[in-house]
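Notes follow once the structure below has been shown.
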Amino acid sequence: MSFLFTVVLACVSLLHPTRAVIVPQQISQSISTPGSTATKEPTQDYLVYVVCESADRVVLVRFGPKGAVVEHETRIGLMPMDINGPHGIAISPDKQYVYVSVGHGRPDGSVWKLKAGTDEVLRYTSLGLFPATADISKDGGFLYVANANFHGDMVPSSISVVSTDEMVEVKRITTCTMPHGSRLNPQGTKHYSACMMDDMLAEIDTRKFDVARHLVLTAGKEMGMEGAPHEQMKMGDLTCVPTWAQPSNEGSEVYVACNKSNEIAVVDVASWKVARRFAAANGVYNLAMTRDGRLVATNKRSQSVSIFDPKTGKEFARIPTKRKVVHGAVVTPDNRYAFISVEGIGSDPGTVEVIDLDSLKTVATADVGQQAAGIDFWKTEPSKP
């Protein structure tokens, strides 16, 4: 988390937040009530990559029957004497490559392509101001990186579209102020990002590489419109300060983390309206989906992770973390575990924490470099003897 980003969130928290509303609905029958089963040991090893923003490290963590350990780590960035600030990460669908967005540069940030497993640097290319969250298309051909511009002026920024073969930026799409939370829908036809300092959700048509629609999330002023936004919000009008946009498993809804008002806004994609909101914990930040439709939410300011039924707003569990400033989340393809990155504060190391999604308990932690940020799943392997 950058210094300016911390200051911005501190400033907006002084404004009066809106009260989140839980809409009473029947719990989806496709989601069984978790947390009642005993914790079972893993039967294989799970490997995840995490980047450490203040340590300039890309770290591979292995979790299995023997717990969680750091497999190896690699330094990243061009500036040997300054913090480079790796923030976002995405693994290619074929599991061959690791893409890392690096926030700092002279003047702009960059995105790097590494060989998975060896972390050999293959190519890199410059992007905009402070590239942050990244996501990759289903065919692995295009990487979408939010140029969050944490350190710059409060002006509209962009999403960079990078062709991954040659690592060339093919389009820089202007969206709105401080975009974050780059995610593609399951069909790969739409890209969503949250505009933190404009209280907006932006939708990009991936066939046209252009903004298709945007939606104002400010409480009492919700409105969906065609095309890119033409006006900026005033700081005093912000009620949501969205930090993440997570499409549902079928793509019919987008869940938006409102970091200021401590709620999750649910956007119906077809009508392009806010369908409902439900209460979340203090500082809800990043989101991830399980295969059975549960929503994993990291709570940046309350040192915890929440598991929700997003159809009803029911919180199944709120799980405390080892350290403060909870950041990212990724769910394993077999739906067994959620891996959480925690930044830590001061001289504390970051951590990767493993949550069992059946028992809803933390089953392992591993210390990594300072300010653990973006995290993504790589693969499973037979457990090492």
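Labels for the structure tokens follow display order: chains A, B, ..., residues from 1 in each chain, ligands from 1.
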### Message
Quick check for you: according to DSSP on this backbone, which residues of range 114-361 of chain A are classed as strand (DSSP E or B)? Reply as a PyMOL selection string.
### Response
chain A and resi 114-115+121-126+131-136+142-147+156-163+168-177+179-184+190-195+200-205+210-216+223-226+242-247+253-258+263-268+273-279+284-289+295-299+304-309+314-320+326-331+337-342+350-356+361
#### Entry: 10 Å contact set for Arg75 in chain A, only C-alpha atoms, chain neighbours under 4 positions out, as a PyMOL selection string
chain A and resi 51-52+55-59+80+84+86+119
Give me the residues of range 229-321 of chain A that have any atom at most 12 Å from an atom of range 369-384 of chain A; for each, the nearest atom pair and the distance in Å, rounded to one decimal. Use only C-alpha atoms, sort by chain and number, and format it as JSON lines.
```
{"residue": "A:Tyr285", "atom": "CA", "partner": "A:Ala373", "partner_atom": "CA", "distance": 11.7}
{"residue": "A:Asn286", "atom": "CA", "partner": "A:Gly374", "partner_atom": "CA", "distance": 9.9}
{"residue": "A:Leu287", "atom": "CA", "partner": "A:Ile375", "partner_atom": "CA", "distance": 11.7}
{"residue": "A:Ala288", "atom": "CA", "partner": "A:Asp376", "partner_atom": "CA", "distance": 10.7}
{"residue": "A:Thr298", "atom": "CA", "partner": "A:Ala373", "partner_atom": "CA", "distance": 11.7}
{"residue": "A:Lys300", "atom": "CA", "partner": "A:Ala373", "partner_atom": "CA", "distance": 11.4}
```
### Message
Give me, as a list of chain:residue names, all polymer residues having an atom no more than 7 Å from range 158-172 of chain A, counting only C-alpha atoms and skipping those fewer than 3 positions away in the same chain.
### Response
A:Arg123, A:Tyr124, A:Thr125, A:Leu127, A:Gly141, A:Phe142, A:Leu143, A:Tyr144, A:Val145, A:Ala146, A:Asn147, A:Thr175, A:Cys176, A:Pro179
Could you take the residues named above and write them with all heavy atoms, as a tab-separated table (two decimals), in the first residue's frame?
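Final output, saved to again.tsv:
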```tsv
chain	number	residue	atom	x	y	z
A	123	ARG	N	10.86	-10.58	-20.51
A	123	ARG	CA	10.68	-9.26	-21.10
A	123	ARG	C	10.00	-8.34	-20.09
A	123	ARG	O	9.39	-8.81	-19.13
A	123	ARG	CB	9.79	-9.31	-22.36
A	123	ARG	CG	10.41	-10.01	-23.56
A	123	ARG	CD	9.39	-10.06	-24.70
A	123	ARG	NE	9.90	-10.78	-25.85
A	123	ARG	CZ	10.53	-10.24	-26.88
A	123	ARG	NH1	10.74	-8.93	-26.88
A	123	ARG	NH2	10.96	-10.97	-27.90
A	124	TYR	N	10.07	-7.05	-20.34
A	124	TYR	CA	9.26	-6.10	-19.58
A	124	TYR	C	8.94	-4.92	-20.48
A	124	TYR	O	9.60	-4.70	-21.51
A	124	TYR	CB	9.96	-5.64	-18.30
A	124	TYR	CG	11.13	-4.72	-18.51
A	124	TYR	CD1	10.97	-3.33	-18.53
A	124	TYR	CD2	12.41	-5.25	-18.69
A	124	TYR	CE1	12.06	-2.50	-18.72
A	124	TYR	CE2	13.50	-4.42	-18.89
A	124	TYR	CZ	13.31	-3.05	-18.91
A	124	TYR	OH	14.39	-2.23	-19.12
A	125	THR	N	7.89	-4.17	-20.10
A	125	THR	CA	7.52	-2.99	-20.87
A	125	THR	C	6.99	-1.92	-19.93
A	125	THR	O	6.41	-2.22	-18.88
A	125	THR	CB	6.47	-3.33	-21.95
A	125	THR	OG1	6.30	-2.20	-22.81
A	125	THR	CG2	5.13	-3.69	-21.33
A	127	LEU	N	4.52	1.04	-18.59
A	127	LEU	CA	3.08	1.31	-18.63
A	127	LEU	C	2.84	2.73	-18.14
A	127	LEU	O	3.62	3.62	-18.42
A	127	LEU	CB	2.33	0.28	-17.80
A	127	LEU	CG	2.45	-1.18	-18.26
A	127	LEU	CD1	1.62	-2.08	-17.38
A	127	LEU	CD2	2.03	-1.34	-19.71
A	141	GLY	N	-3.50	-14.21	-24.15
A	141	GLY	CA	-2.94	-13.29	-25.13
A	141	GLY	C	-2.83	-11.85	-24.69
A	141	GLY	O	-1.98	-11.11	-25.19
A	142	PHE	N	-3.68	-11.45	-23.74
A	142	PHE	CA	-3.70	-10.04	-23.34
A	142	PHE	C	-3.74	-9.92	-21.82
A	142	PHE	O	-4.49	-10.63	-21.15
A	142	PHE	CB	-4.90	-9.31	-23.94
A	142	PHE	CG	-4.84	-9.20	-25.44
A	142	PHE	CD1	-5.56	-10.07	-26.23
A	142	PHE	CD2	-4.05	-8.24	-26.05
A	142	PHE	CE1	-5.51	-9.99	-27.61
A	142	PHE	CE2	-3.99	-8.14	-27.43
A	142	PHE	CZ	-4.72	-9.02	-28.22
A	143	LEU	N	-2.94	-9.00	-21.33
A	143	LEU	CA	-2.89	-8.67	-19.91
A	143	LEU	C	-3.52	-7.30	-19.72
A	143	LEU	O	-3.23	-6.36	-20.47
A	143	LEU	CB	-1.43	-8.65	-19.43
A	143	LEU	CG	-1.18	-8.53	-17.93
A	143	LEU	CD1	-1.54	-9.83	-17.23
A	143	LEU	CD2	0.28	-8.19	-17.68
A	144	TYR	N	-4.39	-7.18	-18.70
A	144	TYR	CA	-5.06	-5.92	-18.40
A	144	TYR	C	-4.54	-5.41	-17.05
A	144	TYR	O	-4.70	-6.07	-16.04
A	144	TYR	CB	-6.57	-6.11	-18.33
A	144	TYR	CG	-7.21	-6.48	-19.66
A	144	TYR	CD1	-7.11	-7.78	-20.16
A	144	TYR	CD2	-7.89	-5.53	-20.41
A	144	TYR	CE1	-7.69	-8.12	-21.37
A	144	TYR	CE2	-8.47	-5.86	-21.63
A	144	TYR	CZ	-8.36	-7.16	-22.10
A	144	TYR	OH	-8.93	-7.49	-23.31
A	145	VAL	N	-3.91	-4.24	-17.07
A	145	VAL	CA	-3.27	-3.71	-15.86
A	145	VAL	C	-3.85	-2.33	-15.56
A	145	VAL	O	-3.89	-1.45	-16.42
A	145	VAL	CB	-1.74	-3.59	-16.03
A	145	VAL	CG1	-1.10	-3.17	-14.72
A	145	VAL	CG2	-1.15	-4.90	-16.52
A	146	ALA	N	-4.31	-2.15	-14.30
A	146	ALA	CA	-4.85	-0.86	-13.88
A	146	ALA	C	-3.72	0.08	-13.49
A	146	ALA	O	-2.95	-0.22	-12.57
A	146	ALA	CB	-5.81	-1.06	-12.71
A	147	ASN	N	-3.60	1.20	-14.19
A	147	ASN	CA	-2.62	2.22	-13.84
A	147	ASN	C	-3.23	3.09	-12.74
A	147	ASN	O	-3.86	4.11	-13.00
A	147	ASN	CB	-2.28	3.07	-15.07
A	147	ASN	CG	-1.56	2.25	-16.14
A	147	ASN	OD1	-0.56	1.60	-15.87
A	147	ASN	ND2	-2.10	2.26	-17.35
A	175	THR	N	-10.04	5.57	-18.17
A	175	THR	CA	-11.28	5.24	-17.48
A	175	THR	C	-11.66	6.37	-16.52
A	175	THR	O	-12.47	7.21	-16.85
A	175	THR	CB	-11.16	3.91	-16.73
A	175	THR	OG1	-10.02	3.95	-15.84
A	175	THR	CG2	-11.03	2.74	-17.69
A	176	CYS	N	-11.07	6.41	-15.34
A	176	CYS	CA	-11.45	7.39	-14.33
A	176	CYS	C	-10.34	7.48	-13.28
A	176	CYS	O	-9.26	6.93	-13.46
A	176	CYS	CB	-12.80	7.01	-13.72
A	176	CYS	SG	-12.97	5.25	-13.41
A	179	PRO	N	-7.95	3.94	-10.87
A	179	PRO	CA	-8.55	2.62	-11.12
A	179	PRO	C	-7.79	1.53	-10.37
A	179	PRO	O	-6.58	1.59	-10.20
A	179	PRO	CB	-8.41	2.45	-12.63
A	179	PRO	CG	-7.24	3.31	-13.01
A	179	PRO	CD	-7.28	4.47	-12.06
```
### Message
Need to verify the contact set: range 229-232 of chain A, 12 Å, only C-alpha atoms, exclusion of same-chain residues closer than 4 positions in sequence. Can you return it as a ChimeraX atom specification?
### Response
/A:154-157,174-178,195-203,211-216,223-225,236-238
